[in-house]
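This is model-v9.pdb. It holds PDB, C-alpha atoms and all ligand atoms.
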```pdb
MODEL        1
ATOM      1  CA  MET A  22      -5.442 -10.803  42.292
ATOM      2  CA  VAL A  23      -5.987 -13.741  39.962
ATOM      3  CA  LYS A  24      -9.633 -14.250  38.997
ATOM      4  CA  LYS A  25     -11.096 -17.347  37.399
ATOM      5  CA  VAL A  26     -14.440 -17.317  35.558
ATOM      6  CA  LEU A  27     -16.505 -19.925  33.710
ATOM      7  CA  MET A  28     -17.837 -18.907  30.308
ATOM      8  CA  ASN A  29     -20.852 -21.076  29.470
ATOM      9  CA  SER A  30     -21.026 -20.128  25.806
ATOM     10  CA  ARG A  31     -19.248 -18.302  22.999
ATOM     11  CA  GLU A  32     -21.608 -15.381  23.612
ATOM     12  CA  GLU A  33     -20.570 -15.085  27.249
ATOM     13  CA  THR A  34     -16.925 -14.924  26.203
ATOM     14  CA  ILE A  35     -17.699 -12.216  23.639
ATOM     15  CA  ASN A  36     -19.757 -10.260  26.159
ATOM     16  CA  LEU A  37     -16.991 -10.274  28.753
ATOM     17  CA  GLY A  38     -14.559  -9.107  26.059
ATOM     18  CA  THR A  39     -16.932  -6.280  25.148
ATOM     19  CA  LYS A  40     -17.251  -5.202  28.773
ATOM     20  CA  ILE A  41     -13.473  -5.070  29.134
ATOM     21  CA  GLY A  42     -12.996  -3.466  25.718
ATOM     22  CA  ARG A  43     -15.135  -0.508  26.799
ATOM     23  CA  LYS A  44     -12.700   0.215  29.646
ATOM     24  CA  LEU A  45      -9.388  -0.182  27.815
ATOM     25  CA  GLN A  46      -7.009   2.750  27.631
ATOM     26  CA  ALA A  47      -4.304   3.860  25.221
ATOM     27  CA  GLY A  48      -1.162   1.775  25.651
ATOM     28  CA  ASP A  49      -2.891  -1.208  27.250
ATOM     29  CA  VAL A  50      -1.318  -4.603  26.550
ATOM     30  CA  LEU A  51      -3.272  -7.865  26.863
ATOM     31  CA  VAL A  52      -1.628 -11.246  26.379
ATOM     32  CA  LEU A  53      -3.767 -14.314  25.723
ATOM     33  CA  ASP A  54      -2.680 -17.916  25.939
ATOM     34  CA  GLY A  55      -4.367 -21.275  25.595
ATOM     35  CA  ASP A  56      -4.649 -24.085  23.036
ATOM     36  CA  LEU A  57      -5.971 -23.678  19.519
ATOM     37  CA  GLY A  58      -9.744 -23.211  19.744
ATOM     38  CA  ALA A  59      -9.624 -22.156  23.392
ATOM     39  CA  GLY A  60     -11.339 -18.836  22.611
ATOM     40  CA  LYS A  61      -8.581 -16.213  22.309
ATOM     41  CA  THR A  62      -9.762 -14.782  18.995
ATOM     42  CA  THR A  63     -13.410 -15.005  20.079
ATOM     43  CA  PHE A  64     -12.602 -12.926  23.166
ATOM     44  CA  THR A  65     -10.736 -10.426  20.956
ATOM     45  CA  LYS A  66     -13.890 -10.016  18.823
ATOM     46  CA  GLY A  67     -15.596  -8.912  22.040
ATOM     47  CA  LEU A  68     -12.788  -6.480  22.841
ATOM     48  CA  ALA A  69     -13.200  -4.964  19.369
ATOM     49  CA  LEU A  70     -16.940  -4.512  19.923
ATOM     50  CA  GLY A  71     -16.183  -2.749  23.197
ATOM     51  CA  LEU A  72     -13.734  -0.500  21.352
ATOM     52  CA  LYS A  73     -16.447   0.234  18.751
ATOM     53  CA  ILE A  74     -14.377  -1.182  15.912
ATOM     54  CA  PRO A  75     -16.744  -1.806  12.998
ATOM     55  CA  ASP A  76     -14.508  -4.303  11.164
ATOM     56  CA  LEU A  77     -14.744  -8.057  11.403
ATOM     57  CA  ILE A  78     -11.893  -9.379  13.517
ATOM     58  CA  LYS A  79     -10.100 -12.208  11.763
ATOM     59  CA  SER A  80      -7.426 -14.443  13.161
ATOM     60  CA  PRO A  81      -4.102 -12.800  12.341
ATOM     61  CA  THR A  82      -2.231 -16.112  12.094
ATOM     62  CA  PHE A  83      -0.805 -15.587   8.611
ATOM     63  CA  THR A  84      -0.102 -11.899   8.985
ATOM     64  CA  ILE A  85       1.185 -11.895  12.592
ATOM     65  CA  ILE A  86      -0.186  -8.380  13.171
ATOM     66  CA  ARG A  87      -3.524  -6.887  12.105
ATOM     67  CA  GLU A  88      -4.265  -3.238  12.786
ATOM     68  CA  TYR A  89      -7.722  -1.706  13.231
ATOM     69  CA  HIS A  90      -7.932   2.076  13.210
ATOM     70  CA  ASP A  91     -11.650   2.817  13.058
ATOM     71  CA  GLY A  92     -12.562   2.375  16.722
ATOM     72  CA  ARG A  93     -12.323   4.423  19.919
ATOM     73  CA  LEU A  94      -8.625   3.457  20.081
ATOM     74  CA  PRO A  95      -6.418   1.650  17.560
ATOM     75  CA  LEU A  96      -6.303  -2.115  18.085
ATOM     76  CA  TYR A  97      -3.182  -4.101  17.259
ATOM     77  CA  HIS A  98      -4.077  -7.783  17.186
ATOM     78  CA  MET A  99      -1.086 -10.096  17.041
ATOM     79  CA  ASP A 100      -0.705 -13.830  16.792
ATOM     80  CA  ALA A 101       2.757 -14.949  17.826
ATOM     81  CA  TYR A 102       2.098 -18.621  17.086
ATOM     82  CA  ARG A 103       4.488 -18.692  14.153
ATOM     83  CA  LEU A 104       7.240 -17.132  16.273
ATOM     84  CA  GLU A 105       7.732 -20.397  18.124
ATOM     85  CA  ASN A 106      11.169 -20.603  16.568
ATOM     86  CA  GLY A 107      12.153 -17.031  17.377
ATOM     87  CA  GLY A 108      11.914 -13.753  15.523
ATOM     88  CA  ALA A 109       9.955 -11.745  18.074
ATOM     89  CA  GLU A 110      12.790  -9.196  18.372
ATOM     90  CA  ASP A 111      12.428  -8.265  14.693
ATOM     91  CA  LEU A 112       8.749  -7.337  14.878
ATOM     92  CA  GLY A 113       9.243  -4.052  16.708
ATOM     93  CA  LEU A 114       6.650  -5.027  19.290
ATOM     94  CA  GLU A 115       7.816  -2.342  21.703
ATOM     95  CA  GLU A 116       6.613   0.306  19.276
ATOM     96  CA  TYR A 117       3.154  -1.193  19.426
ATOM     97  CA  PHE A 118       3.263  -1.611  23.192
ATOM     98  CA  ASP A 119       4.370   2.015  23.680
ATOM     99  CA  SER A 120       1.834   3.380  21.209
ATOM    100  CA  ASP A 121      -1.526   5.041  21.830
ATOM    101  CA  GLY A 122      -3.365   1.888  20.846
ATOM    102  CA  VAL A 123      -4.394  -1.346  22.534
ATOM    103  CA  SER A 124      -2.179  -4.380  21.856
ATOM    104  CA  VAL A 125      -3.618  -7.880  22.109
ATOM    105  CA  VAL A 126      -1.200 -10.767  21.681
ATOM    106  CA  GLU A 127      -2.257 -14.386  21.201
ATOM    107  CA  TRP A 128       0.408 -16.974  22.083
ATOM    108  CA  ALA A 129       2.273 -14.405  24.107
ATOM    109  CA  GLN A 130       4.659 -16.963  25.596
ATOM    110  CA  PHE A 131       6.730 -16.460  22.447
ATOM    111  CA  VAL A 132       7.150 -12.738  23.092
ATOM    112  CA  GLU A 133       7.640 -12.887  26.864
ATOM    113  CA  ASP A 134      10.947 -11.011  26.750
ATOM    114  CA  GLU A 135       9.350  -8.032  24.989
ATOM    115  CA  LEU A 136       6.474  -7.449  27.433
ATOM    116  CA  PRO A 137       6.085  -4.136  29.300
ATOM    117  CA  ALA A 138       5.943  -3.924  33.111
ATOM    118  CA  GLU A 139       2.150  -3.622  33.198
ATOM    119  CA  PHE A 140      -0.088  -5.967  31.253
ATOM    120  CA  LEU A 141      -3.101  -8.219  31.603
ATOM    121  CA  ALA A 142      -2.531 -11.934  31.057
ATOM    122  CA  ILE A 143      -5.585 -14.063  30.318
ATOM    123  CA  HIS A 144      -5.313 -17.844  30.233
ATOM    124  CA  PHE A 145      -7.971 -19.728  28.234
ATOM    125  CA  ARG A 146      -8.764 -23.322  29.158
ATOM    126  CA  ARG A 147     -11.071 -25.825  27.519
ATOM    127  CA  THR A 148     -13.385 -27.949  29.691
ATOM    128  CA  ASP A 149     -15.087 -31.340  29.240
ATOM    129  CA  ASP A 150     -18.059 -29.439  27.821
ATOM    130  CA  GLU A 151     -17.219 -28.219  24.316
ATOM    131  CA  ASN A 152     -19.199 -25.003  24.827
ATOM    132  CA  LYS A 153     -17.592 -23.994  28.095
ATOM    133  CA  ARG A 154     -14.271 -22.341  28.786
ATOM    134  CA  VAL A 155     -12.444 -21.279  31.909
ATOM    135  CA  LEU A 156     -10.763 -17.863  31.725
ATOM    136  CA  ILE A 157      -8.090 -17.011  34.271
ATOM    137  CA  PHE A 158      -7.291 -13.309  34.588
ATOM    138  CA  GLU A 159      -3.835 -12.443  35.875
ATOM    139  CA  PRO A 160      -3.321  -8.678  36.132
ATOM    140  CA  HIS A 161       0.137  -7.112  36.364
ATOM    141  CA  GLY A 162       0.083  -3.542  37.646
ATOM    142  CA  HIS A 163      -2.485  -1.322  39.363
ATOM    143  CA  HIS A 164      -4.522  -0.371  36.286
ATOM    144  CA  PHE A 165      -5.197  -3.991  35.405
ATOM    145  CA  GLU A 166      -5.794  -5.012  39.024
ATOM    146  CA  GLN A 167      -8.590  -2.412  39.093
ATOM    147  CA  LEU A 168      -9.955  -3.427  35.714
ATOM    148  CA  VAL A 169     -10.192  -7.100  36.692
ATOM    149  CA  LYS A 170     -11.697  -6.272  40.073
ATOM    150  CA  GLU A 171     -14.399  -4.090  38.524
ATOM    151  CA  GLN A 172     -15.191  -5.882  35.264
ATOM    152  CA  VAL A 173     -14.619  -9.597  35.852
ATOM    153  CA  ASN A 174     -17.090 -11.411  38.065
TER     154      ASN A 174
HETATM  155  N1  LIG A 201     -17.499 -20.629  25.916
HETATM  156  C1  LIG A 201     -16.846 -20.398  24.766
HETATM  157  N2  LIG A 201     -16.009 -19.339  24.660
HETATM  158  C2  LIG A 201     -15.334 -19.102  23.530
HETATM  159  N3  LIG A 201     -15.386 -19.864  22.412
HETATM  160  C3  LIG A 201     -16.205 -20.931  22.445
HETATM  161  C4  LIG A 201     -16.952 -21.246  23.611
HETATM  162  N4  LIG A 201     -17.659 -22.372  23.357
HETATM  163  C5  LIG A 201     -17.379 -22.729  22.105
HETATM  164  N5  LIG A 201     -16.513 -21.867  21.532
HETATM  165  C6  LIG A 201     -15.988 -22.005  20.159
HETATM  166  O1  LIG A 201     -14.606 -22.320  20.244
HETATM  167  C7  LIG A 201     -13.917 -21.731  19.152
HETATM  168  C8  LIG A 201     -12.815 -20.811  19.674
HETATM  169  O2  LIG A 201     -12.032 -20.418  18.586
HETATM  170  P1  LIG A 201     -11.010 -19.213  18.630
HETATM  171  O3  LIG A 201     -11.608 -18.095  19.401
HETATM  172  O4  LIG A 201     -10.572 -18.950  17.243
HETATM  173  O5  LIG A 201      -9.818 -19.856  19.505
HETATM  174  P2  LIG A 201      -8.273 -19.473  19.558
HETATM  175  O6  LIG A 201      -8.110 -18.083  19.037
HETATM  176  O7  LIG A 201      -7.928 -19.610  21.006
HETATM  177  O8  LIG A 201      -7.561 -20.495  18.726
HETATM  178  C9  LIG A 201     -14.927 -20.980  18.329
HETATM  179  O9  LIG A 201     -15.357 -21.801  17.258
HETATM  180  C10 LIG A 201     -16.065 -20.745  19.330
HETATM  181  O10 LIG A 201     -17.333 -20.631  18.703
HETATM  182 MG    MG A 202      -6.779 -17.342  17.562
ENDMDL
END
```

Whole structure given in structure tokens:
Amino acid sequence: MVKKVLMNSREETINLGTKIGRKLQAGDVLVLDGDLGAGKTTFTKGLALGLKIPDLIKSPTFTIIREYHDGRLPLYHMDAYRLENGGAEDLGLEEYFDSDGVSVVEWAQFVEDELPAEFLAIHFRRTDDENKRVLIFEPHGHHFEQLVKEQVN
């Protein structure tokens, strides 16, 4: 079931990420889309807090993939923005998706062909208010249906 929520501040977005991060399991794949500045990386900072990752989460734009290994589960944070012109096949994304870590992909429309059967898509939308965002959760598969039902409200 698709669920839409209004985040009134940056803190609310981080807090929802933290709540979800606490419940993530090995092998989970989350794909985030939305314009630049929509809040994808901010949400990922929350996920990292929920995973008890002590490091500062930085936008992976120039590295494509950043790995964090000091939390409850490994976090693989990817930014596919620069793959607009192809190249997703060469990254070995399946190895990340099949691993015992959590994969979070920003700009996932560029890696659509590589996605597993079960994943959580989250669409980030700006609003007329510069401090508010609309997040649309679109779960694929039972595990993510449950997660959204229980954690997003
Ligand atoms: N409600 C909100 N949720 C998330 N970010 C917000 C919100 N309101 C303002 N912001 C700001 O918007 C920016 C989002 O940037 P970022 O998370 O890097 O976006 P993206 O990764 O989608 O390009 C940050 O500067 C953040 O402080
Ligand atoms: Mg970003």

- Item | A:Glu33, A:Glu171, A:Asp56, A:Glu133 ranked by distance to ligand MG 202 (chain A), top pick (using only C-alpha atoms and all ligand atoms) |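 Of A:Glu33, A:Glu171, A:Asp56, A:Glu133, the one nearest ligand MG 202 (chain A), counting only C-alpha atoms and all ligand atoms, is A:Asp56.
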
- Interatomic distance, CA of Met99 in chain A to CA of Leu114 in chain A (Å, one decimal):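 Separation between CA of Met99 in chain A and CA of Leu114 in chain A: 9.5 Å.
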
- Within 7 Å of ligand LIG 201 (chain A) (all atoms listed in the file), residues as a PyMOL selection string: chain A and resi 28-34+55-64+80+151-154

Determine the residue set returned by the PyMOL selection byres (((chain A and resi 86-91) around 10) and not hetatm) for the present structure, and present it as a CSV table (one decimal) with C-alpha atoms, in the coordinates of the input.
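Generated output (expr_3.csv):
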```
chain,number,residue,atom,x,y,z
A,69,ALA,CA,-13.2,-5.0,19.4
A,72,LEU,CA,-13.7,-0.5,21.4
A,73,LYS,CA,-16.4,0.2,18.8
A,74,ILE,CA,-14.4,-1.2,15.9
A,75,PRO,CA,-16.7,-1.8,13.0
A,76,ASP,CA,-14.5,-4.3,11.2
A,77,LEU,CA,-14.7,-8.1,11.4
A,78,ILE,CA,-11.9,-9.4,13.5
A,79,LYS,CA,-10.1,-12.2,11.8
A,80,SER,CA,-7.4,-14.4,13.2
A,81,PRO,CA,-4.1,-12.8,12.3
A,82,THR,CA,-2.2,-16.1,12.1
A,83,PHE,CA,-0.8,-15.6,8.6
A,84,THR,CA,-0.1,-11.9,9.0
A,85,ILE,CA,1.2,-11.9,12.6
A,92,GLY,CA,-12.6,2.4,16.7
A,93,ARG,CA,-12.3,4.4,19.9
A,94,LEU,CA,-8.6,3.5,20.1
A,95,PRO,CA,-6.4,1.6,17.6
A,96,LEU,CA,-6.3,-2.1,18.1
A,97,TYR,CA,-3.2,-4.1,17.3
A,98,HIS,CA,-4.1,-7.8,17.2
A,99,MET,CA,-1.1,-10.1,17.0
A,100,ASP,CA,-0.7,-13.8,16.8
A,101,ALA,CA,2.8,-14.9,17.8
A,112,LEU,CA,8.7,-7.3,14.9
A,114,LEU,CA,6.6,-5.0,19.3
A,122,GLY,CA,-3.4,1.9,20.8
A,123,VAL,CA,-4.4,-1.3,22.5
A,124,SER,CA,-2.2,-4.4,21.9
A,125,VAL,CA,-3.6,-7.9,22.1
A,126,VAL,CA,-1.2,-10.8,21.7
```

- Give the answer as one residue: which of A:Gln130, A:Gln172, A:Gln167, A:Thr148 has the shortest atom-to-atom distance to Asp54 in chain A, using only C-alpha atoms?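 Under the stated criterion, the closest residue is A:Gln130.
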
Selection under test: the PyMOL selection byres (((chain A and resi 107-111) around 10) and not hetatm); residues as a short mmCIF file (atom, residue, chain, number, x, y, z; two decimals) with C-alpha atoms, in the coordinates of the input:
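Printed below is result-v7.cif as written:
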```
data_model
loop_
_atom_site.label_atom_id
_atom_site.label_comp_id
_atom_site.auth_asym_id
_atom_site.auth_seq_id
_atom_site.Cartn_x
_atom_site.Cartn_y
_atom_site.Cartn_z
CA ALA A 101 2.76 -14.95 17.83
CA ARG A 103 4.49 -18.69 14.15
CA LEU A 104 7.24 -17.13 16.27
CA GLU A 105 7.73 -20.40 18.12
CA ASN A 106 11.17 -20.60 16.57
CA LEU A 112 8.75 -7.34 14.88
CA GLY A 113 9.24 -4.05 16.71
CA LEU A 114 6.65 -5.03 19.29
CA GLU A 115 7.82 -2.34 21.70
CA PHE A 131 6.73 -16.46 22.45
CA VAL A 132 7.15 -12.74 23.09
CA GLU A 133 7.64 -12.89 26.86
CA ASP A 134 10.95 -11.01 26.75
CA GLU A 135 9.35 -8.03 24.99
#
```

- Message: Using all atoms listed in the file, can you tell me which of A:Phe158, A:Phe145, A:Phe118, A:Phe140 comes closest to ligand MG 202 (chain A)?
- Response: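 With all atoms listed in the file as the atom set, the closest residue is A:Phe145.
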